[in-house]
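> The structure that follows is given in the form of structure tokens.
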Amino acid sequence: MLHLNHEGIKNRAAWAAADITLPDYDWSNMCAATKETPTWVHFGAGNIFRGFIAGLEQSLLNQGLAKTGIIAADTFDYEIIDKIYDPFDNMTLMVSLLPDGSLKKEVIASIARGYRAGAAYSDDLAALKEIFRNPSLQMVSFTITEKGYALTNIKGEFFPFVEADFVNGPAKCSHAMSLLTSLLLERYNAGGKPLACVSMDNCSHNGEKLRASVMTVVEKWLANGLISQDFADWVRNEENVSFPWSMIDKITPRPAAVVEKALTEAGVANMTPIITSENTFIAPFVNAEEPQYLVIEDRFPNGRPPLEKAGVYMTDRDTVNNTEKMKVTTCLNPLHTALAVYGCLLGYSTIAEEMNDPQLKALVEKIGYTEGLPVVVDPKILSPKAFLKEVLEKRLPNPFMPDTPQRIATDTSQKVGIRYGETIKSYAARPDLDPASLTYIPLAIAGWLRYLLAVDD
């Protein structure tokens, strides 16, 4: 059997026979270098991190462009570290689901260590504090979902545990944003070497959301006499702590039974998914589509890894914002939402099945090519038409992507205004276009209204 850990991957011939690619660097040396001079901490230990972001650092390690790995920390579901990281030496088996039905498999070993970033785990928190004090640290990234930055409920009231953090101060934090601020305080007290805090979550203006939450914690602690004015000024200055914006795009659905079966048949041991007490469905492997995009505003005051050598677009804030608009308002998200609501109405169980329905396929083609592209925001670094073509011809029809309309249809009320409203507004603003000429976007909205009736068609 093939065992996913440091000892197990020493048998390179057996992994090659199973058509699984192994890392091209010395794992022990990478771990030792990371402990000595950490450069990158990531909060949010789930699938998008393991299946995409950790793979970027693996690429740099394989190319000899990096010596250190990433330190992962989870602020929410500590069982991920206990049951998915520690038993496998923090390694992940990444499985790309190709449209022809084949699987591309690679062991991702670039995560040097996983920590439980919670008040109950004093040793883990002490280790994180030591890492933040190290001047070598260049960046802290996040995939904690948009909810992870929220300090208030829907009424704008602070959550009770956030209120408690405001009173308790840096010594005892329960919210991820309070914890981050306390770790920034450690860095300030150790000499205040600069640092970049990079949200990689799939939400617009993610860096702005991250900074706003940190600054709220800072202001509350300052008002309560828990921190100094000098520290508050240090965090406010983005030459000390920057908050770059980013756009991320890769679908990493929950572990698929067909992938587990294929890996087991290939001789890989212990690939069974688990469900944690926090209801996270996760496995030692990550299955995902192969296409992936990451665009990051290049503001790193203490330097950074050469991420562009791993396929990341390093650019300015306007370009990040324009790429996000291209994806969210024209080339991907509006198509996803249309398929999601009609998939629920018409009884489909996967997005790929819907793309075999000529009417639904035509609907999303018309939303994208006919109604969207005339007003698309062109980020210049990517061709909107080529991006849309890949979405329509490769990504959505991929029959081996276990993504369901039912999952995507959740929270459509929060999405429909952005995904369709921006195009409608663009038509209204252009003298040569008439919003009354739109047919397919209104049909998608009509499908959502029908969906709200809970009538199965």
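Every chain in the structure tokens has a letter given in the order shown (A, B, ...), and although residue numbers restart at 1 in each chain, ligands are simply numbered from 1 in the order shown.
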Can you tell me, as number ranges by chain, what residues are no more than 9 Å from A:Ala288 when counting only C-alpha atoms, ignoring any on the same chain fewer than 2 positions away?

A: 47-48, 51-52, 94-98, 250-255, 286, 290-291, 401-402

> Could you dump the residues just selected with all heavy atoms as a compact mmCIF listing (two decimals), in the first residue's frame?


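File result-v2.txt, as written:
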# COMPACT_ATOMS: atom_id res chain seq x y z
N ASN A 47 -9.99 23.03 1.61
CA ASN A 47 -9.65 22.46 0.31
C ASN A 47 -9.06 23.45 -0.69
O ASN A 47 -8.16 23.10 -1.45
CB ASN A 47 -10.89 21.80 -0.31
CG ASN A 47 -11.24 20.49 0.37
OD1 ASN A 47 -10.41 19.92 1.08
ND2 ASN A 47 -12.44 20.01 0.18
N ILE A 48 -9.57 24.69 -0.72
CA ILE A 48 -9.04 25.64 -1.70
C ILE A 48 -7.58 25.95 -1.39
O ILE A 48 -6.75 26.14 -2.29
CB ILE A 48 -9.89 26.93 -1.76
CG1 ILE A 48 -9.46 27.83 -2.92
CG2 ILE A 48 -9.81 27.70 -0.44
CD1 ILE A 48 -9.80 27.31 -4.28
N GLY A 51 -5.64 22.47 -2.17
CA GLY A 51 -5.67 22.06 -3.56
C GLY A 51 -5.18 23.10 -4.55
O GLY A 51 -4.96 22.79 -5.71
N PHE A 52 -5.00 24.34 -4.12
CA PHE A 52 -4.59 25.39 -5.04
C PHE A 52 -3.40 26.17 -4.49
O PHE A 52 -2.30 26.13 -5.04
CB PHE A 52 -5.79 26.32 -5.31
CG PHE A 52 -5.54 27.44 -6.29
CD1 PHE A 52 -4.32 27.58 -6.96
CD2 PHE A 52 -6.54 28.37 -6.56
CE1 PHE A 52 -4.11 28.62 -7.87
CE2 PHE A 52 -6.33 29.41 -7.47
CZ PHE A 52 -5.12 29.52 -8.12
N MET A 94 -3.54 15.75 -4.32
CA MET A 94 -4.32 16.62 -5.18
C MET A 94 -4.73 15.86 -6.45
O MET A 94 -3.88 15.31 -7.15
CB MET A 94 -3.49 17.86 -5.55
CG MET A 94 -4.16 18.79 -6.54
SD MET A 94 -5.72 19.43 -5.92
CE MET A 94 -6.55 19.76 -7.46
N VAL A 95 -6.04 15.83 -6.71
CA VAL A 95 -6.57 15.11 -7.87
C VAL A 95 -7.31 16.09 -8.76
O VAL A 95 -8.35 16.64 -8.38
CB VAL A 95 -7.51 13.97 -7.43
CG1 VAL A 95 -8.02 13.22 -8.66
CG2 VAL A 95 -6.80 13.02 -6.47
N SER A 96 -6.77 16.34 -9.94
CA SER A 96 -7.44 17.20 -10.92
C SER A 96 -8.37 16.34 -11.77
O SER A 96 -7.95 15.30 -12.30
CB SER A 96 -6.42 17.90 -11.82
OG SER A 96 -5.61 18.78 -11.07
N LEU A 97 -9.63 16.79 -11.88
CA LEU A 97 -10.65 16.05 -12.62
C LEU A 97 -10.70 16.61 -14.04
O LEU A 97 -11.22 17.69 -14.29
CB LEU A 97 -12.01 16.22 -11.94
CG LEU A 97 -12.04 15.88 -10.44
CD1 LEU A 97 -13.35 16.31 -9.82
CD2 LEU A 97 -11.82 14.39 -10.23
N LEU A 98 -10.15 15.86 -14.99
CA LEU A 98 -10.05 16.33 -16.36
C LEU A 98 -11.33 16.00 -17.13
O LEU A 98 -11.99 15.00 -16.86
CB LEU A 98 -8.84 15.72 -17.04
CG LEU A 98 -7.50 15.93 -16.29
CD1 LEU A 98 -6.35 15.35 -17.11
CD2 LEU A 98 -7.25 17.40 -16.01
N LYS A 250 -11.18 28.91 -8.63
CA LYS A 250 -10.97 27.47 -8.81
C LYS A 250 -12.08 26.76 -8.05
O LYS A 250 -12.36 27.11 -6.89
CB LYS A 250 -9.61 27.02 -8.29
CG LYS A 250 -9.29 25.54 -8.60
CD LYS A 250 -7.93 25.17 -8.06
CE LYS A 250 -7.55 23.73 -8.37
NZ LYS A 250 -7.20 23.52 -9.79
N ILE A 251 -12.71 25.79 -8.67
CA ILE A 251 -13.78 25.05 -8.01
C ILE A 251 -13.20 23.81 -7.35
O ILE A 251 -12.59 22.96 -8.01
CB ILE A 251 -14.90 24.68 -9.00
CG1 ILE A 251 -15.53 25.94 -9.59
CG2 ILE A 251 -15.96 23.82 -8.31
CD1 ILE A 251 -16.54 25.69 -10.69
N THR A 252 -13.35 23.73 -6.02
CA THR A 252 -12.86 22.57 -5.26
C THR A 252 -14.04 21.98 -4.48
O THR A 252 -14.22 22.30 -3.30
CB THR A 252 -11.73 22.98 -4.29
OG1 THR A 252 -12.19 24.08 -3.50
CG2 THR A 252 -10.48 23.39 -5.03
N PRO A 253 -14.86 21.16 -5.12
CA PRO A 253 -16.04 20.61 -4.44
C PRO A 253 -15.66 19.59 -3.37
O PRO A 253 -14.49 19.23 -3.22
CB PRO A 253 -16.82 19.95 -5.58
CG PRO A 253 -15.79 19.62 -6.59
CD PRO A 253 -14.71 20.65 -6.49
N ARG A 254 -16.67 19.13 -2.65
CA ARG A 254 -16.44 18.15 -1.58
C ARG A 254 -15.86 16.86 -2.17
O ARG A 254 -16.03 16.57 -3.36
CB ARG A 254 -17.73 17.88 -0.82
CG ARG A 254 -18.84 17.28 -1.65
CD ARG A 254 -20.14 17.24 -0.88
NE ARG A 254 -20.11 16.26 0.20
CZ ARG A 254 -21.03 16.18 1.16
NH1 ARG A 254 -22.05 17.03 1.18
NH2 ARG A 254 -20.95 15.27 2.10
N PRO A 255 -15.17 16.07 -1.36
CA PRO A 255 -14.54 14.84 -1.85
C PRO A 255 -15.57 13.92 -2.52
O PRO A 255 -16.65 13.68 -1.99
CB PRO A 255 -13.98 14.19 -0.58
CG PRO A 255 -13.81 15.32 0.38
CD PRO A 255 -14.91 16.28 0.08
N VAL A 286 -7.83 16.09 -2.22
CA VAL A 286 -8.67 17.19 -2.71
C VAL A 286 -8.95 16.91 -4.18
O VAL A 286 -8.01 16.65 -4.94
CB VAL A 286 -7.97 18.55 -2.57
CG1 VAL A 286 -8.79 19.65 -3.26
CG2 VAL A 286 -7.76 18.91 -1.11
N GLU A 290 -9.10 21.46 -13.10
CA GLU A 290 -7.71 21.86 -13.35
C GLU A 290 -7.55 23.37 -13.54
O GLU A 290 -6.59 23.95 -13.02
CB GLU A 290 -7.15 21.11 -14.55
CG GLU A 290 -5.66 21.33 -14.72
CD GLU A 290 -5.04 20.47 -15.80
OE1 GLU A 290 -5.71 20.24 -16.84
OE2 GLU A 290 -3.90 20.03 -15.62
N PRO A 291 -8.44 24.06 -14.27
CA PRO A 291 -8.25 25.51 -14.44
C PRO A 291 -8.25 26.24 -13.11
O PRO A 291 -9.03 25.93 -12.21
CB PRO A 291 -9.47 25.92 -15.29
CG PRO A 291 -9.88 24.69 -16.01
CD PRO A 291 -9.60 23.57 -15.05
N MET A 401 -16.83 16.76 -12.51
CA MET A 401 -16.86 17.74 -11.43
C MET A 401 -18.15 17.53 -10.63
O MET A 401 -19.24 17.84 -11.12
CB MET A 401 -16.83 19.15 -11.99
CG MET A 401 -15.43 19.62 -12.36
SD MET A 401 -14.35 19.77 -10.93
CE MET A 401 -15.17 21.07 -10.04
N PRO A 402 -18.05 16.99 -9.43
CA PRO A 402 -19.27 16.70 -8.65
C PRO A 402 -19.84 17.95 -7.99
O PRO A 402 -19.92 18.05 -6.76
CB PRO A 402 -18.76 15.69 -7.61
CG PRO A 402 -17.32 16.06 -7.41
CD PRO A 402 -16.83 16.59 -8.73

> Based on DSSP run over this structure's backbone, return all residues of stretch 250-382 of chain A in strand (DSSP E), as a ChimeraX atom specification.

/A:274-275,281-282,285-288,293-297,313-315

> So that I have them on file, write out the residues from the current selection with N, CA and C atoms, as a PDB file, in the first residue's frame.


ATOM      1  N   ILE A 274     -13.767  12.241   6.099  1.00  0.00           N
ATOM      2  CA  ILE A 274     -14.352  12.333   7.433  1.00  0.00           C
ATOM      3  C   ILE A 274     -15.332  13.508   7.469  1.00  0.00           C
ATOM      4  N   ILE A 275     -16.218  13.490   8.440  1.00  0.00           N
ATOM      5  CA  ILE A 275     -17.074  14.640   8.731  1.00  0.00           C
ATOM      6  C   ILE A 275     -16.739  15.081  10.146  1.00  0.00           C
ATOM      7  N   PHE A 281     -16.903  18.316   5.632  1.00  0.00           N
ATOM      8  CA  PHE A 281     -16.705  17.055   4.909  1.00  0.00           C
ATOM      9  C   PHE A 281     -15.385  17.175   4.171  1.00  0.00           C
ATOM     10  N   ILE A 282     -14.378  16.426   4.604  1.00  0.00           N
ATOM     11  CA  ILE A 282     -13.020  16.631   4.105  1.00  0.00           C
ATOM     12  C   ILE A 282     -12.297  15.297   4.060  1.00  0.00           C
ATOM     13  N   PHE A 285      -7.456  13.661   0.443  1.00  0.00           N
ATOM     14  CA  PHE A 285      -7.274  14.132  -0.933  1.00  0.00           C
ATOM     15  C   PHE A 285      -8.182  15.334  -1.191  1.00  0.00           C
ATOM     16  N   VAL A 286      -7.828  16.092  -2.219  1.00  0.00           N
ATOM     17  CA  VAL A 286      -8.669  17.186  -2.709  1.00  0.00           C
ATOM     18  C   VAL A 286      -8.953  16.908  -4.177  1.00  0.00           C
ATOM     19  N   ASN A 287     -10.241  16.907  -4.565  1.00  0.00           N
ATOM     20  CA  ASN A 287     -10.548  16.806  -5.992  1.00  0.00           C
ATOM     21  C   ASN A 287     -11.053  18.153  -6.497  1.00  0.00           C
ATOM     22  N   ALA A 288     -10.595  18.543  -7.674  1.00  0.00           N
ATOM     23  CA  ALA A 288     -10.906  19.878  -8.189  1.00  0.00           C
ATOM     24  C   ALA A 288     -10.752  19.898  -9.698  1.00  0.00           C
ATOM     25  N   TYR A 293      -7.144  30.360 -11.345  1.00  0.00           N
ATOM     26  CA  TYR A 293      -6.673  31.718 -11.555  1.00  0.00           C
ATOM     27  C   TYR A 293      -6.500  32.393 -10.197  1.00  0.00           C
ATOM     28  N   LEU A 294      -5.382  33.099 -10.052  1.00  0.00           N
ATOM     29  CA  LEU A 294      -5.160  33.928  -8.871  1.00  0.00           C
ATOM     30  C   LEU A 294      -4.487  35.217  -9.330  1.00  0.00           C
ATOM     31  N   VAL A 295      -5.135  36.339  -9.041  1.00  0.00           N
ATOM     32  CA  VAL A 295      -4.637  37.665  -9.402  1.00  0.00           C
ATOM     33  C   VAL A 295      -4.455  38.442  -8.104  1.00  0.00           C
ATOM     34  N   ILE A 296      -3.256  38.955  -7.853  1.00  0.00           N
ATOM     35  CA  ILE A 296      -2.960  39.604  -6.572  1.00  0.00           C
ATOM     36  C   ILE A 296      -2.354  40.983  -6.806  1.00  0.00           C
ATOM     37  N   GLU A 297      -2.835  41.937  -6.036  1.00  0.00           N
ATOM     38  CA  GLU A 297      -2.246  43.275  -6.022  1.00  0.00           C
ATOM     39  C   GLU A 297      -0.839  43.187  -5.431  1.00  0.00           C
ATOM     40  N   TYR A 313      -0.977  36.002 -11.329  1.00  0.00           N
ATOM     41  CA  TYR A 313      -0.896  37.312 -11.960  1.00  0.00           C
ATOM     42  C   TYR A 313      -0.652  38.359 -10.870  1.00  0.00           C
ATOM     43  N   MET A 314       0.535  38.946 -10.861  1.00  0.00           N
ATOM     44  CA  MET A 314       0.879  39.985  -9.902  1.00  0.00           C
ATOM     45  C   MET A 314       0.691  41.336 -10.604  1.00  0.00           C
ATOM     46  N   THR A 315      -0.167  42.192 -10.038  1.00  0.00           N
ATOM     47  CA  THR A 315      -0.564  43.378 -10.780  1.00  0.00           C
ATOM     48  C   THR A 315      -0.961  44.498  -9.816  1.00  0.00           C
TER      49      THR A 315
END

> Need the shell around A:Thr370: protein/DNA/RNA residues with any atom at most 12 Å away, counting only C-alpha atoms. Skip same-chain ones fewer than 2 positions apart. Format as a compact mmCIF listing (two decimals) with N, CA and C atoms, in the first residue's frame?


# COMPACT_ATOMS: atom_id res chain seq x y z
N THR A 330 -19.94 38.77 -15.55
CA THR A 330 -20.11 38.39 -16.95
C THR A 330 -19.74 36.94 -17.26
N CYS A 331 -18.52 36.55 -16.96
CA CYS A 331 -17.94 35.36 -17.59
C CYS A 331 -18.08 34.05 -16.82
N ALA A 362 -27.81 26.73 -24.33
CA ALA A 362 -28.02 27.95 -25.13
C ALA A 362 -28.27 29.16 -24.23
N LEU A 363 -28.98 28.95 -23.12
CA LEU A 363 -29.27 30.05 -22.21
C LEU A 363 -27.99 30.68 -21.69
N VAL A 364 -27.07 29.86 -21.19
CA VAL A 364 -25.85 30.45 -20.61
C VAL A 364 -24.92 30.98 -21.69
N GLU A 365 -24.94 30.39 -22.88
CA GLU A 365 -24.16 30.95 -23.98
C GLU A 365 -24.68 32.34 -24.35
N LYS A 366 -26.00 32.50 -24.38
CA LYS A 366 -26.59 33.81 -24.71
C LYS A 366 -26.31 34.82 -23.60
N ILE A 367 -26.40 34.40 -22.34
CA ILE A 367 -26.09 35.32 -21.23
C ILE A 367 -24.65 35.80 -21.32
N GLY A 368 -23.74 34.87 -21.66
CA GLY A 368 -22.32 35.22 -21.73
C GLY A 368 -21.94 35.96 -22.99
N GLY A 372 -23.57 39.54 -22.27
CA GLY A 372 -22.52 39.94 -21.35
C GLY A 372 -21.31 40.60 -22.00
N LEU A 373 -20.76 39.96 -23.03
CA LEU A 373 -19.51 40.44 -23.62
C LEU A 373 -19.58 41.88 -24.16
N PRO A 374 -20.72 42.35 -24.69
CA PRO A 374 -20.74 43.74 -25.16
C PRO A 374 -20.43 44.77 -24.08
N VAL A 375 -20.62 44.44 -22.82
CA VAL A 375 -20.34 45.40 -21.74
C VAL A 375 -19.34 44.86 -20.72
N VAL A 376 -18.63 43.79 -21.08
CA VAL A 376 -17.70 43.17 -20.13
C VAL A 376 -16.58 44.14 -19.76
N LYS A 385 -13.17 36.91 -23.59
CA LYS A 385 -13.78 35.94 -24.51
C LYS A 385 -13.16 34.56 -24.35
N LEU A 388 -14.37 33.10 -21.04
CA LEU A 388 -15.76 32.64 -21.18
C LEU A 388 -15.83 31.34 -21.98
N THR A 423 -24.69 44.24 -15.32
CA THR A 423 -24.86 44.25 -16.77
C THR A 423 -26.06 45.10 -17.17
N SER A 437 -33.73 45.47 -24.38
CA SER A 437 -33.38 44.45 -25.37
C SER A 437 -32.90 43.15 -24.73
N LEU A 438 -32.61 43.19 -23.45
CA LEU A 438 -32.12 41.99 -22.75
C LEU A 438 -33.23 40.96 -22.63
N THR A 439 -32.91 39.72 -22.98
CA THR A 439 -33.88 38.63 -22.94
C THR A 439 -33.46 37.52 -21.99
N TYR A 440 -32.18 37.17 -22.05
CA TYR A 440 -31.73 35.95 -21.36
C TYR A 440 -31.41 36.19 -19.89
N ILE A 441 -30.88 37.39 -19.58
CA ILE A 441 -30.68 37.73 -18.17
C ILE A 441 -32.02 37.82 -17.45

> Contacts of A:Val455 at 10 Å or less, counting only C-alpha atoms, minus same-chain residues fewer than 6 places along, as an mmCIF file with all heavy atoms, in the first residue's frame?


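Wrote out.cif, looks like this:
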data_model
loop_
_atom_site.group_PDB
_atom_site.id
_atom_site.type_symbol
_atom_site.label_atom_id
_atom_site.label_comp_id
_atom_site.auth_asym_id
_atom_site.auth_seq_id
_atom_site.Cartn_x
_atom_site.Cartn_y
_atom_site.Cartn_z
ATOM 1 N N CYS A 344 -32.241 23.231 -10.201
ATOM 2 C CA CYS A 344 -33.152 22.859 -9.104
ATOM 3 C C CYS A 344 -34.576 22.689 -9.624
ATOM 4 O O CYS A 344 -35.288 21.739 -9.246
ATOM 5 C CB CYS A 344 -33.108 23.913 -7.998
ATOM 6 S SG CYS A 344 -31.531 24.012 -7.125
ATOM 7 N N LEU A 345 -35.021 23.586 -10.492
ATOM 8 C CA LEU A 345 -36.389 23.532 -11.016
ATOM 9 C C LEU A 345 -36.632 22.280 -11.851
ATOM 10 O O LEU A 345 -37.710 21.681 -11.808
ATOM 11 C CB LEU A 345 -36.677 24.767 -11.882
ATOM 12 C CG LEU A 345 -36.785 26.113 -11.172
ATOM 13 C CD1 LEU A 345 -36.898 27.227 -12.207
ATOM 14 C CD2 LEU A 345 -37.980 26.144 -10.238
ATOM 15 N N LEU A 346 -35.610 21.892 -12.611
ATOM 16 C CA LEU A 346 -35.806 20.829 -13.597
ATOM 17 C C LEU A 346 -35.244 19.483 -13.150
ATOM 18 O O LEU A 346 -35.231 18.522 -13.923
ATOM 19 C CB LEU A 346 -35.167 21.253 -14.921
ATOM 20 C CG LEU A 346 -35.746 22.551 -15.527
ATOM 21 C CD1 LEU A 346 -34.964 22.979 -16.760
ATOM 22 C CD2 LEU A 346 -37.218 22.385 -15.864
#

> Given only C-alpha atoms as the basis, pick out the residue of A:Thr75, A:Gln58, A:Lys380, A:Ile227 nearest to A:Ala120.

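Smallest distance to A:Ala120 is found for A:Thr75.
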
> Just the residues within 6 Å of stretch 18-35 of chain A, please, counting only C-alpha atoms, with nothing from its chain fewer than 4 positions along; format it as a list in words.

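Residues near the query, excluding close chain neighbours: Asn62, Lys67, Thr68, Gly69, Lys105, Glu106, Val107, Ala112 and Ala266 of chain A.
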